[in-house]
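Chemist: My structure is stored as run-v5.cif, with mmCIF, C-alpha atoms (C1' of nucleotides).
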data_model
#
loop_
_atom_site.label_atom_id
_atom_site.label_comp_id
_atom_site.auth_asym_id
_atom_site.auth_seq_id
_atom_site.Cartn_x
_atom_site.Cartn_y
_atom_site.Cartn_z
CA MET A 1 192.46 235.20 54.14
CA ASP A 2 195.69 236.35 52.61
CA THR A 3 195.35 236.94 48.90
CA SER A 4 199.06 237.51 48.30
CA VAL A 5 199.87 235.14 45.47
CA ILE A 6 203.13 234.71 43.65
CA CYS A 7 203.20 236.35 40.21
CA PRO A 8 202.04 233.69 37.71
CA ARG A 9 204.61 234.71 35.09
CA PHE A 10 207.41 234.41 37.60
CA GLU A 11 206.07 231.02 38.63
CA THR A 12 206.08 229.83 35.04
CA ALA A 13 209.62 231.08 34.52
CA ILE A 14 211.00 229.51 37.66
CA SER A 15 209.25 226.21 37.06
CA LEU A 16 211.12 226.12 33.76
CA LEU A 17 214.46 226.75 35.42
CA SER A 18 213.60 224.39 38.27
CA GLN A 19 213.52 221.46 35.93
CA ARG A 20 216.69 219.48 36.46
CA TRP A 21 219.36 220.06 33.75
CA THR A 22 217.42 222.79 31.96
CA GLY A 23 219.44 225.63 33.46
CA LEU A 24 222.72 223.93 32.67
CA ILE A 25 221.67 223.24 29.08
CA ILE A 26 220.76 226.87 28.52
CA TYR A 27 223.96 228.05 30.21
CA GLN A 28 226.04 225.75 28.04
CA LEU A 29 224.30 226.82 24.83
CA LEU A 30 225.01 230.46 25.67
CA SER A 31 228.56 229.79 24.47
CA GLY A 32 227.24 228.91 21.01
CA PRO A 33 225.45 226.20 19.00
CA GLN A 34 226.44 222.69 19.98
CA ARG A 35 225.68 219.15 19.00
CA PHE A 36 223.94 216.44 20.94
CA SER A 37 226.94 214.33 21.88
CA HIS A 38 228.95 217.36 22.97
CA LEU A 39 226.18 218.44 25.32
CA THR A 40 225.96 215.02 26.93
CA GLU A 41 229.71 215.00 27.60
CA VAL A 42 230.05 218.54 28.90
CA ILE A 43 226.93 218.54 31.04
CA GLY A 44 227.10 214.94 32.19
CA ILE A 45 223.51 214.14 31.27
CA SER A 46 222.24 210.92 29.71
CA GLY A 47 221.01 210.81 26.13
CA ARG A 48 217.55 209.96 27.31
CA LEU A 49 217.11 213.06 29.45
CA LEU A 50 218.98 215.39 27.11
CA SER A 51 216.67 214.36 24.30
CA GLU A 52 213.62 214.96 26.48
CA ARG A 53 214.86 218.35 27.69
CA LEU A 54 215.82 219.58 24.23
CA LYS A 55 212.37 218.66 22.92
CA ASN A 56 210.81 220.64 25.75
CA LEU A 57 213.06 223.62 25.16
CA GLU A 58 212.27 223.52 21.44
CA ALA A 59 208.55 223.41 22.24
CA GLU A 60 208.99 226.40 24.58
CA GLY A 61 210.73 228.34 21.81
CA LEU A 62 214.04 228.57 23.63
CA VAL A 63 216.10 226.28 21.40
CA THR A 64 216.30 225.44 17.70
CA ARG A 65 217.38 222.14 16.17
CA THR A 66 219.24 222.21 12.86
CA VAL A 67 220.09 219.12 10.82
CA TYR A 68 223.21 219.13 8.64
CA PRO A 69 222.95 216.07 6.38
CA GLU A 70 226.67 215.37 6.33
CA THR A 71 228.32 212.05 7.00
CA PRO A 72 227.71 211.17 9.65
CA VAL A 73 224.76 213.45 10.26
CA ARG A 74 225.43 216.57 12.32
CA ILE A 75 222.67 218.13 14.37
CA GLU A 76 223.18 221.42 16.12
CA TYR A 77 221.19 222.92 18.95
CA ALA A 78 221.18 226.67 19.39
CA LEU A 79 219.38 229.22 21.56
CA THR A 80 216.66 231.43 20.10
CA GLU A 81 216.39 235.10 21.02
CA LYS A 82 214.14 234.04 23.89
CA GLY A 83 216.82 231.63 25.06
CA ILE A 84 219.67 234.09 24.70
CA SER A 85 217.74 236.63 26.74
CA LEU A 86 218.22 234.39 29.77
CA LYS A 87 221.88 235.41 29.79
CA PRO A 88 221.39 238.07 32.51
CA VAL A 89 219.80 235.42 34.73
CA MET A 90 222.73 233.06 34.19
CA ASP A 91 225.20 235.90 34.74
CA GLU A 92 223.64 236.69 38.10
CA ILE A 93 223.74 233.04 39.15
CA GLN A 94 227.37 232.86 38.10
CA ASN A 95 228.11 236.05 39.98
CA TRP A 96 226.40 234.77 43.13
CA SER A 97 228.20 231.45 42.92
CA GLN A 98 231.61 233.13 42.74
CA ILE A 99 230.87 234.97 45.99
CA TRP A 100 228.92 232.41 47.99
CA VAL A 101 229.84 228.93 46.83
CA GLU A 102 233.08 227.68 48.28
CA PRO A 103 235.41 225.73 46.01
CA THR A 104 235.34 222.91 48.59
CA GLU A 105 231.59 222.50 48.14
CA THR A 106 232.07 221.44 44.56
CA ARG A 107 233.10 217.85 45.17
CA LYS A 108 229.96 216.07 44.08
CA VAL A 109 231.46 214.40 40.97
CA MET B 1 239.21 215.54 23.75
CA ASP B 2 237.37 218.65 24.72
CA THR B 3 238.29 219.79 28.22
CA SER B 4 235.67 222.55 28.40
CA VAL B 5 233.87 221.83 31.64
CA ILE B 6 231.15 223.83 33.30
CA CYS B 7 232.33 225.94 36.25
CA PRO B 8 231.86 223.81 39.39
CA ARG B 9 230.63 226.75 41.48
CA PHE B 10 228.04 227.60 38.90
CA GLU B 11 226.98 223.97 38.81
CA THR B 12 226.56 223.93 42.58
CA ALA B 13 224.52 227.13 42.49
CA ILE B 14 222.22 226.00 39.72
CA SER B 15 221.70 222.56 41.23
CA LEU B 16 220.44 224.39 44.30
CA LEU B 17 218.00 226.48 42.26
CA SER B 18 217.04 223.48 40.14
CA GLN B 19 215.53 221.73 43.11
CA ARG B 20 211.78 221.97 42.85
CA TRP B 21 210.22 224.68 45.10
CA THR B 22 213.56 226.03 46.31
CA GLY B 23 213.52 229.05 44.02
CA LEU B 24 209.94 229.89 44.94
CA ILE B 25 210.66 229.61 48.67
CA ILE B 26 213.62 231.98 48.40
CA TYR B 27 211.62 234.38 46.23
CA GLN B 28 208.78 234.38 48.71
CA LEU B 29 211.07 234.92 51.70
CA LEU B 30 212.61 237.94 49.95
CA SER B 31 209.48 239.83 51.00
CA GLY B 32 210.28 239.20 54.66
CA PRO B 33 210.27 236.54 57.39
CA GLN B 34 207.29 234.23 57.22
CA ARG B 35 205.88 231.31 59.08
CA PHE B 36 205.49 227.73 58.00
CA SER B 37 201.76 227.68 57.38
CA HIS B 38 201.87 230.92 55.42
CA LEU B 39 204.53 229.54 53.11
CA THR B 40 202.52 226.39 52.39
CA GLU B 41 199.47 228.46 51.47
CA VAL B 42 201.18 231.08 49.31
CA ILE B 43 203.50 228.69 47.48
CA GLY B 44 201.13 225.75 47.24
CA ILE B 45 203.58 223.22 48.59
CA SER B 46 202.81 220.37 50.98
CA GLY B 47 204.04 220.41 54.57
CA ARG B 48 206.20 217.41 53.91
CA LEU B 49 208.22 219.02 51.12
CA LEU B 50 208.30 222.49 52.67
CA SER B 51 209.76 220.98 55.82
CA GLU B 52 212.37 219.10 53.80
CA ARG B 53 213.31 222.14 51.73
CA LEU B 54 213.57 224.49 54.70
CA LYS B 55 215.88 222.04 56.46
CA ASN B 56 218.06 221.94 53.36
CA LEU B 57 218.10 225.71 53.04
CA GLU B 58 218.97 226.04 56.72
CA ALA B 59 221.81 223.56 56.27
CA GLU B 60 223.05 225.54 53.27
CA GLY B 61 223.06 228.71 55.33
CA LEU B 62 220.40 230.44 53.26
CA VAL B 63 217.58 230.45 55.80
CA THR B 64 217.22 230.81 59.57
CA ARG B 65 214.51 229.32 61.76
CA THR B 66 213.35 231.29 64.77
CA VAL B 67 210.98 229.95 67.43
CA TYR B 68 208.68 232.36 69.28
CA PRO B 69 207.22 230.42 72.23
CA GLU B 70 203.85 232.13 72.11
CA THR B 71 200.48 230.46 72.11
CA PRO B 72 200.24 228.73 69.81
CA VAL B 73 203.90 228.57 68.95
CA ARG B 74 205.09 230.83 66.15
CA ILE B 75 208.05 229.86 64.03
CA GLU B 76 209.47 232.24 61.50
CA TYR B 77 211.72 231.50 58.58
CA ALA B 78 213.93 234.26 57.23
CA LEU B 79 216.70 234.62 54.67
CA THR B 80 220.29 235.04 55.77
CA GLU B 81 222.63 237.46 54.02
CA LYS B 82 223.57 234.63 51.68
CA GLY B 83 219.90 234.09 50.91
CA ILE B 84 219.13 237.77 50.44
CA SER B 85 222.01 238.08 48.02
CA LEU B 86 220.05 235.92 45.58
CA LYS B 87 217.73 238.87 45.02
CA PRO B 88 219.49 239.98 41.80
CA VAL B 89 218.98 236.47 40.41
CA MET B 90 215.30 236.54 41.27
CA ASP B 91 214.97 240.04 39.86
CA GLU B 92 216.40 238.92 36.55
CA ILE B 93 214.07 235.92 36.39
CA GLN B 94 211.15 238.22 37.16
CA ASN B 95 212.32 240.64 34.51
CA TRP B 96 212.66 237.87 31.91
CA SER B 97 209.25 236.47 32.77
CA GLN B 98 207.57 239.85 32.24
CA ILE B 99 208.98 240.02 28.73
CA TRP B 100 208.86 236.42 27.57
CA VAL B 101 206.11 234.60 29.45
CA GLU B 102 202.66 235.24 28.07
CA PRO B 103 199.82 235.68 30.55
CA THR B 104 197.96 232.88 28.75
CA GLU B 105 200.74 230.44 29.59
CA THR B 106 200.04 230.81 33.26
CA ARG B 107 197.06 228.51 33.52
CA LYS B 108 198.56 225.57 35.34
CA VAL B 109 196.57 225.89 38.58
"C1'" DT C 1 227.22 192.59 -0.88
"C1'" DC C 2 227.93 192.58 3.89
"C1'" DC C 3 229.82 194.34 7.82
"C1'" DC C 4 231.84 198.30 10.40
"C1'" DT C 5 231.73 203.06 12.03
"C1'" DT C 6 229.64 207.33 13.51
"C1'" DT C 7 225.94 210.37 15.32
"C1'" DA C 8 221.70 210.77 17.35
"C1'" DG C 9 218.72 209.21 19.53
"C1'" DT C 10 214.96 205.36 21.89
"C1'" DT C 11 213.44 201.49 24.92
"C1'" DA C 12 213.09 198.81 29.06
"C1'" DC C 13 214.00 198.67 33.62
"C1'" DT C 14 215.64 200.42 38.41
"C1'" DT C 15 216.03 203.97 41.71
"C1'" DT C 16 214.90 208.39 43.59
"C1'" DA C 17 211.90 212.39 44.18
"C1'" DT C 18 207.43 214.25 44.66
"C1'" DG C 19 202.31 214.27 45.77
"C1'" DT C 20 198.64 213.08 49.07
"C1'" DA C 21 196.36 212.46 53.15
"C1'" DA C 22 196.16 210.95 57.66
"C1'" DC C 23 198.36 211.34 61.95
"C1'" DC C 24 201.21 213.33 66.10
"C1'" DA C 25 203.20 216.73 69.74
"C1'" DA C 26 203.15 220.86 72.37
"C1'" DT C 27 200.54 224.51 74.39
"C1'" DT C 28 196.76 226.66 76.49
"C1'" DA C 29 191.84 228.18 76.63
"C1'" DT C 30 187.28 226.21 77.91
"C1'" DA D 1 189.51 216.37 80.34
"C1'" DT D 2 188.65 218.19 75.73
"C1'" DA D 3 189.17 221.06 71.90
"C1'" DA D 4 191.79 224.23 69.02
"C1'" DT D 5 195.96 225.86 66.79
"C1'" DT D 6 200.69 225.59 64.78
"C1'" DG D 7 204.20 223.00 62.97
"C1'" DG D 8 205.38 219.44 61.63
"C1'" DT D 9 206.01 213.65 60.49
"C1'" DT D 10 204.67 209.04 58.60
"C1'" DA D 11 203.10 205.84 55.26
"C1'" DC D 12 201.89 204.98 50.88
"C1'" DA D 13 201.01 206.03 45.59
"C1'" DT D 14 202.67 208.26 41.50
"C1'" DA D 15 205.94 210.67 38.62
"C1'" DA D 16 210.57 211.84 37.31
"C1'" DA D 17 215.39 210.68 36.77
"C1'" DG D 18 219.39 207.28 36.27
"C1'" DT D 19 221.40 203.32 33.66
"C1'" DA D 20 222.58 200.52 30.06
"C1'" DA D 21 221.52 198.15 26.09
"C1'" DC D 22 219.56 198.74 21.69
"C1'" DT D 23 218.05 200.99 17.02
"C1'" DA D 24 218.14 204.08 12.65
"C1'" DA D 25 220.39 206.22 8.94
"C1'" DA D 26 224.27 206.88 5.96
"C1'" DG D 27 228.43 206.11 4.07
"C1'" DG D 28 233.22 203.29 3.63
"C1'" DG D 29 235.98 199.43 3.11
"C1'" DA D 30 236.90 194.34 2.38
#
What would the structure in this file look like if it were written as structure tokens?
Modeler:
Amino acid sequence: MDTSVICPRFETAISLLSQRWTGLIIYQLLSGPQRFSHLTEVIGISGRLLSERLKNLEAEGLVTRTVYPETPVRIEYALTEKGISLKPVMDEIQNWSQIWVEPTETRKV
Amino acid sequence: MDTSVICPRFETAISLLSQRWTGLIIYQLLSGPQRFSHLTEVIGISGRLLSERLKNLEAEGLVTRTVYPETPVRIEYALTEKGISLKPVMDEIQNWSQIWVEPTETRKV
DNA sequence: TCCCTTTAGTTACTTTATGTAACCAATTAT
DNA sequence: ATAATTGGTTACATAAAGTAACTAAAGGGA
């Protein structure tokens, strides 16, 4: 009877980042507010899933959605403080990838 | 024509961590070599998926599998140097979760 | 007025991944 | 020979992701 259980907060955090695309969306938004169509192009995600993920992230308090009623309409997504505070996580992943991921591994496009 | 593309190495790294359970398995193995049945219990993953994930992680060079022909057989999974070097990533996720994840959010069991 | 363009999505459908539970193989103690 | 234990695998159901066509709103031009 081993009672060693994984920290529930850590589990919540990693289940967030384990959702496909979520990490990439946050990483991309770390470079500043961006609009829907730009995110789809840069990340290579479909509108359907991007929409779903952004709604989730908004509900989690990681992302804000701002409507600019121009013509045509412009909608910008930006990280909240909670979202921005994931930068150290992303930095460490980036750092690890530079050391351990070979350039030749990156041919999955 | 915006040429800003996400770093391919980063993409490879995060697609690894975005696979469900993979992050938790690595996190759990950071506390030392462990056997199959222990991992299923602590993480709450089925044998089918744990088996699949461990094979992946072995193929990626993050985990080793060692057979001890005792009775009954004992098989231990351990992180390689490449796997251990993900500790700073896990530490940052842990750190973030302590600040931003409320204890009340952790009721998904 | 009607049609065209643009952004930001949504809907319907197919394919892939995950969850669940029963089953199998090897080994050895009874 | 039978049971017990570990470390899986197989077969099937459900959920998530991929794809492509479609819609809504808001001008702009013919």
Chemist: Excluding DT11 of chain C and any residue of its chain fewer than 2 positions from it, enumerate the residues within 10 Å of it, using all atoms listed in the file, and give them as a list of chain:residue names.
Modeler: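 Residues near the query, excluding close chain neighbours: A:Arg48, C:DC13, D:DA21, D:DC22, D:DT23.
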Chemist: In Å to one decimal, how far is atom CA of Ser18 of chain B from atom C1' of DA16 of chain D?
Modeler: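 Interatomic distance here is 13.6 Å.
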Chemist: Residue by residue, what does the PyMOL selection byres ((chain A) within 8 of (chain D)) grab here? Present the result as a ChimeraX atom specification.
Modeler: /A:49,71-73
Chemist: Show me which bits of chain A are within 8 Å of chain B, counting all atoms listed in the file, as a PDB file with C-alpha atoms, in the frame of the given file.
Modeler:
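Result written to part-v5.pdb:
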ATOM      1  CA  SER A   4     199.060 237.510  48.300  1.00  0.00           C
ATOM      2  CA  VAL A   5     199.870 235.140  45.470  1.00  0.00           C
ATOM      3  CA  ILE A   6     203.130 234.710  43.650  1.00  0.00           C
ATOM      4  CA  PRO A   8     202.040 233.690  37.710  1.00  0.00           C
ATOM      5  CA  ARG A   9     204.610 234.710  35.090  1.00  0.00           C
ATOM      6  CA  PHE A  10     207.410 234.410  37.600  1.00  0.00           C
ATOM      7  CA  GLU A  11     206.070 231.020  38.630  1.00  0.00           C
ATOM      8  CA  THR A  12     206.080 229.830  35.040  1.00  0.00           C
ATOM      9  CA  ALA A  13     209.620 231.080  34.520  1.00  0.00           C
ATOM     10  CA  ILE A  14     211.000 229.510  37.660  1.00  0.00           C
ATOM     11  CA  SER A  15     209.250 226.210  37.060  1.00  0.00           C
ATOM     12  CA  LEU A  17     214.460 226.750  35.420  1.00  0.00           C
ATOM     13  CA  SER A  18     213.600 224.390  38.270  1.00  0.00           C
ATOM     14  CA  GLN A  19     213.520 221.460  35.930  1.00  0.00           C
ATOM     15  CA  ARG A  20     216.690 219.480  36.460  1.00  0.00           C
ATOM     16  CA  TRP A  21     219.360 220.060  33.750  1.00  0.00           C
ATOM     17  CA  GLY A  23     219.440 225.630  33.460  1.00  0.00           C
ATOM     18  CA  LEU A  24     222.720 223.930  32.670  1.00  0.00           C
ATOM     19  CA  GLN A  28     226.040 225.750  28.040  1.00  0.00           C
ATOM     20  CA  VAL A  42     230.050 218.540  28.900  1.00  0.00           C
ATOM     21  CA  ILE A  43     226.930 218.540  31.040  1.00  0.00           C
ATOM     22  CA  LYS A  82     214.140 234.040  23.890  1.00  0.00           C
ATOM     23  CA  SER A  85     217.740 236.630  26.740  1.00  0.00           C
ATOM     24  CA  LEU A  86     218.220 234.390  29.770  1.00  0.00           C
ATOM     25  CA  PRO A  88     221.390 238.070  32.510  1.00  0.00           C
ATOM     26  CA  VAL A  89     219.800 235.420  34.730  1.00  0.00           C
ATOM     27  CA  GLU A  92     223.640 236.690  38.100  1.00  0.00           C
ATOM     28  CA  ILE A  93     223.740 233.040  39.150  1.00  0.00           C
ATOM     29  CA  GLN A  94     227.370 232.860  38.100  1.00  0.00           C
ATOM     30  CA  TRP A  96     226.400 234.770  43.130  1.00  0.00           C
ATOM     31  CA  SER A  97     228.200 231.450  42.920  1.00  0.00           C
ATOM     32  CA  GLN A  98     231.610 233.130  42.740  1.00  0.00           C
ATOM     33  CA  TRP A 100     228.920 232.410  47.990  1.00  0.00           C
ATOM     34  CA  VAL A 101     229.840 228.930  46.830  1.00  0.00           C
ATOM     35  CA  GLU A 102     233.080 227.680  48.280  1.00  0.00           C
ATOM     36  CA  PRO A 103     235.410 225.730  46.010  1.00  0.00           C
ATOM     37  CA  GLU A 105     231.590 222.500  48.140  1.00  0.00           C
ATOM     38  CA  THR A 106     232.070 221.440  44.560  1.00  0.00           C
TER      39      THR A 106
END
Chemist: Please produce, as JSON lines, a per-residue contact table for chain A versus chain C (criterion: any atom at most 12 Å away, all atoms listed in the file considered), showing the nearest atom pair and its distance in Å to one decimal, sorted by chain then residue number.
Modeler:
{"residue": "A:Arg20", "atom": "CA", "partner": "C:DA17", "partner_atom": "C1'", "distance": 11.5}
{"residue": "A:Arg35", "atom": "CA", "partner": "C:DA8", "partner_atom": "C1'", "distance": 9.4}
{"residue": "A:Phe36", "atom": "CA", "partner": "C:DA8", "partner_atom": "C1'", "distance": 7.1}
{"residue": "A:Ser37", "atom": "CA", "partner": "C:DT7", "partner_atom": "C1'", "distance": 7.7}
{"residue": "A:His38", "atom": "CA", "partner": "C:DT7", "partner_atom": "C1'", "distance": 10.8}
{"residue": "A:Leu39", "atom": "CA", "partner": "C:DA8", "partner_atom": "C1'", "distance": 11.9}
{"residue": "A:Thr40", "atom": "CA", "partner": "C:DA8", "partner_atom": "C1'", "distance": 11.3}
{"residue": "A:Ser46", "atom": "CA", "partner": "C:DG9", "partner_atom": "C1'", "distance": 10.9}
{"residue": "A:Gly47", "atom": "CA", "partner": "C:DG9", "partner_atom": "C1'", "distance": 7.2}
{"residue": "A:Arg48", "atom": "CA", "partner": "C:DT10", "partner_atom": "C1'", "distance": 7.6}
{"residue": "A:Leu49", "atom": "CA", "partner": "C:DG9", "partner_atom": "C1'", "distance": 10.8}
{"residue": "A:Leu50", "atom": "CA", "partner": "C:DG9", "partner_atom": "C1'", "distance": 9.8}
{"residue": "A:Ser51", "atom": "CA", "partner": "C:DG9", "partner_atom": "C1'", "distance": 7.3}
{"residue": "A:Glu52", "atom": "CA", "partner": "C:DG9", "partner_atom": "C1'", "distance": 10.4}
{"residue": "A:Leu54", "atom": "CA", "partner": "C:DG9", "partner_atom": "C1'", "distance": 11.7}
{"residue": "A:Lys55", "atom": "CA", "partner": "C:DG9", "partner_atom": "C1'", "distance": 11.9}
{"residue": "A:Val67", "atom": "CA", "partner": "C:DA8", "partner_atom": "C1'", "distance": 10.7}
{"residue": "A:Tyr68", "atom": "CA", "partner": "C:DT7", "partner_atom": "C1'", "distance": 11.3}
{"residue": "A:Pro69", "atom": "CA", "partner": "C:DT7", "partner_atom": "C1'", "distance": 11.0}
{"residue": "A:Glu70", "atom": "CA", "partner": "C:DT7", "partner_atom": "C1'", "distance": 10.3}
{"residue": "A:Thr71", "atom": "CA", "partner": "C:DT6", "partner_atom": "C1'", "distance": 8.1}
{"residue": "A:Pro72", "atom": "CA", "partner": "C:DT6", "partner_atom": "C1'", "distance": 5.8}
{"residue": "A:Val73", "atom": "CA", "partner": "C:DT7", "partner_atom": "C1'", "distance": 6.0}
{"residue": "A:Arg74", "atom": "CA", "partner": "C:DT7", "partner_atom": "C1'", "distance": 6.9}
{"residue": "A:Ile75", "atom": "CA", "partner": "C:DA8", "partner_atom": "C1'", "distance": 8.0}
{"residue": "A:Glu76", "atom": "CA", "partner": "C:DA8", "partner_atom": "C1'", "distance": 10.8}
Chemist: Could the centre and edge lengths of an axis-aligned box, enclosing all atoms of segment 73-85 of chain A in the file with 4 Å extra on each side, be given in Å to one decimal as AutoDock Vina command-line options?
Modeler:
--center_x 219.8 --center_y 225.0 --center_z 18.5 --size_x 19.3 --size_y 31.2 --size_z 24.5
Chemist: Work out how far apart atom CA of Arg53 of chain A and atom CA of Gly32 of chain A are and give it in Å to one decimal.
Modeler: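 Computing it gives 17.6 Å between the two atoms.
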Chemist: If you measure from atom CA of Ile45 of chain A to atom CA of Leu30 of chain A, what distance in Å do you get, rounded to one decimal?
Modeler: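 Distance between the two atoms: 17.3 Å.
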Chemist: Can we get segment 86-94 of chain B of that structure written down with all heavy atoms, as a PDB file, in the first residue's frame?
Modeler:
ATOM      1  N   LEU B  86      15.293  16.812 -18.175  1.00  0.00           N
ATOM      2  CA  LEU B  86      14.003  17.515 -18.216  1.00  0.00           C
ATOM      3  C   LEU B  86      13.565  17.999 -16.833  1.00  0.00           C
ATOM      4  O   LEU B  86      12.518  18.625 -16.688  1.00  0.00           O
ATOM      5  CB  LEU B  86      12.920  16.605 -18.810  1.00  0.00           C
ATOM      6  CG  LEU B  86      12.896  16.540 -20.337  1.00  0.00           C
ATOM      7  CD1 LEU B  86      12.009  15.420 -20.819  1.00  0.00           C
ATOM      8  CD2 LEU B  86      12.410  17.869 -20.921  1.00  0.00           C
ATOM      9  N   LYS B  87      14.400  17.712 -15.824  1.00  0.00           N
ATOM     10  CA  LYS B  87      14.032  18.128 -14.470  1.00  0.00           C
ATOM     11  C   LYS B  87      13.753  19.625 -14.353  1.00  0.00           C
ATOM     12  O   LYS B  87      12.756  20.013 -13.736  1.00  0.00           O
ATOM     13  CB  LYS B  87      15.114  17.703 -13.473  1.00  0.00           C
ATOM     14  CG  LYS B  87      14.723  17.968 -12.029  1.00  0.00           C
ATOM     15  CD  LYS B  87      15.720  17.373 -11.046  1.00  0.00           C
ATOM     16  CE  LYS B  87      15.192  17.449  -9.615  1.00  0.00           C
ATOM     17  NZ  LYS B  87      14.692  18.759  -9.213  1.00  0.00           N
ATOM     18  N   PRO B  88      14.599  20.505 -14.932  1.00  0.00           N
ATOM     19  CA  PRO B  88      14.297  21.936 -14.828  1.00  0.00           C
ATOM     20  C   PRO B  88      12.921  22.297 -15.407  1.00  0.00           C
ATOM     21  O   PRO B  88      12.232  23.175 -14.887  1.00  0.00           O
ATOM     22  CB  PRO B  88      15.419  22.598 -15.637  1.00  0.00           C
ATOM     23  CG  PRO B  88      16.547  21.622 -15.579  1.00  0.00           C
ATOM     24  CD  PRO B  88      15.906  20.269 -15.596  1.00  0.00           C
ATOM     25  N   VAL B  89      12.524  21.622 -16.468  1.00  0.00           N
ATOM     26  CA  VAL B  89      11.194  21.859 -17.037  1.00  0.00           C
ATOM     27  C   VAL B  89      10.119  21.484 -16.019  1.00  0.00           C
ATOM     28  O   VAL B  89       9.206  22.269 -15.727  1.00  0.00           O
ATOM     29  CB  VAL B  89      10.992  21.049 -18.334  1.00  0.00           C
ATOM     30  CG1 VAL B  89       9.551  21.171 -18.815  1.00  0.00           C
ATOM     31  CG2 VAL B  89      11.955  21.505 -19.426  1.00  0.00           C
ATOM     32  N   MET B  90      10.264  20.288 -15.465  1.00  0.00           N
ATOM     33  CA  MET B  90       9.283  19.825 -14.480  1.00  0.00           C
ATOM     34  C   MET B  90       9.274  20.727 -13.247  1.00  0.00           C
ATOM     35  O   MET B  90       8.215  21.025 -12.691  1.00  0.00           O
ATOM     36  CB  MET B  90       9.608  18.384 -14.064  1.00  0.00           C
ATOM     37  CG  MET B  90       9.499  17.394 -15.195  1.00  0.00           C
ATOM     38  SD  MET B  90       7.841  17.346 -15.918  1.00  0.00           S
ATOM     39  CE  MET B  90       8.175  16.641 -17.526  1.00  0.00           C
ATOM     40  N   ASP B  91      10.442  21.172 -12.835  1.00  0.00           N
ATOM     41  CA  ASP B  91      10.524  22.065 -11.681  1.00  0.00           C
ATOM     42  C   ASP B  91       9.759  23.359 -11.928  1.00  0.00           C
ATOM     43  O   ASP B  91       9.069  23.866 -11.036  1.00  0.00           O
ATOM     44  CB  ASP B  91      11.990  22.381 -11.361  1.00  0.00           C
ATOM     45  CG  ASP B  91      12.691  21.208 -10.695  1.00  0.00           C
ATOM     46  OD1 ASP B  91      11.989  20.253 -10.281  1.00  0.00           O
ATOM     47  OD2 ASP B  91      13.935  21.232 -10.581  1.00  0.00           O
ATOM     48  N   GLU B  92       9.881  23.877 -13.143  1.00  0.00           N
ATOM     49  CA  GLU B  92       9.178  25.128 -13.446  1.00  0.00           C
ATOM     50  C   GLU B  92       7.669  24.930 -13.505  1.00  0.00           C
ATOM     51  O   GLU B  92       6.905  25.796 -13.098  1.00  0.00           O
ATOM     52  CB  GLU B  92       9.682  25.730 -14.772  1.00  0.00           C
ATOM     53  CG  GLU B  92      11.050  26.392 -14.678  1.00  0.00           C
ATOM     54  CD  GLU B  92      11.077  27.596 -13.734  1.00  0.00           C
ATOM     55  OE1 GLU B  92       9.999  28.116 -13.369  1.00  0.00           O
ATOM     56  OE2 GLU B  92      12.190  28.016 -13.364  1.00  0.00           O
ATOM     57  N   ILE B  93       7.247  23.772 -14.027  1.00  0.00           N
ATOM     58  CA  ILE B  93       5.808  23.483 -14.047  1.00  0.00           C
ATOM     59  C   ILE B  93       5.284  23.359 -12.615  1.00  0.00           C
ATOM     60  O   ILE B  93       4.255  23.928 -12.249  1.00  0.00           O
ATOM     61  CB  ILE B  93       5.513  22.186 -14.836  1.00  0.00           C
ATOM     62  CG1 ILE B  93       5.901  22.370 -16.306  1.00  0.00           C
ATOM     63  CG2 ILE B  93       4.040  21.811 -14.718  1.00  0.00           C
ATOM     64  CD1 ILE B  93       5.788  21.105 -17.141  1.00  0.00           C
ATOM     65  N   GLN B  94       6.056  22.646 -11.791  1.00  0.00           N
ATOM     66  CA  GLN B  94       5.697  22.505 -10.378  1.00  0.00           C
ATOM     67  C   GLN B  94       5.586  23.875  -9.703  1.00  0.00           C
ATOM     68  O   GLN B  94       4.610  24.178  -9.016  1.00  0.00           O
ATOM     69  CB  GLN B  94       6.771  21.682  -9.670  1.00  0.00           C
ATOM     70  CG  GLN B  94       6.555  21.517  -8.179  1.00  0.00           C
ATOM     71  CD  GLN B  94       5.967  20.172  -7.843  1.00  0.00           C
ATOM     72  OE1 GLN B  94       6.516  19.148  -8.211  1.00  0.00           O
ATOM     73  NE2 GLN B  94       4.851  20.173  -7.161  1.00  0.00           N
TER      74      GLN B  94
END
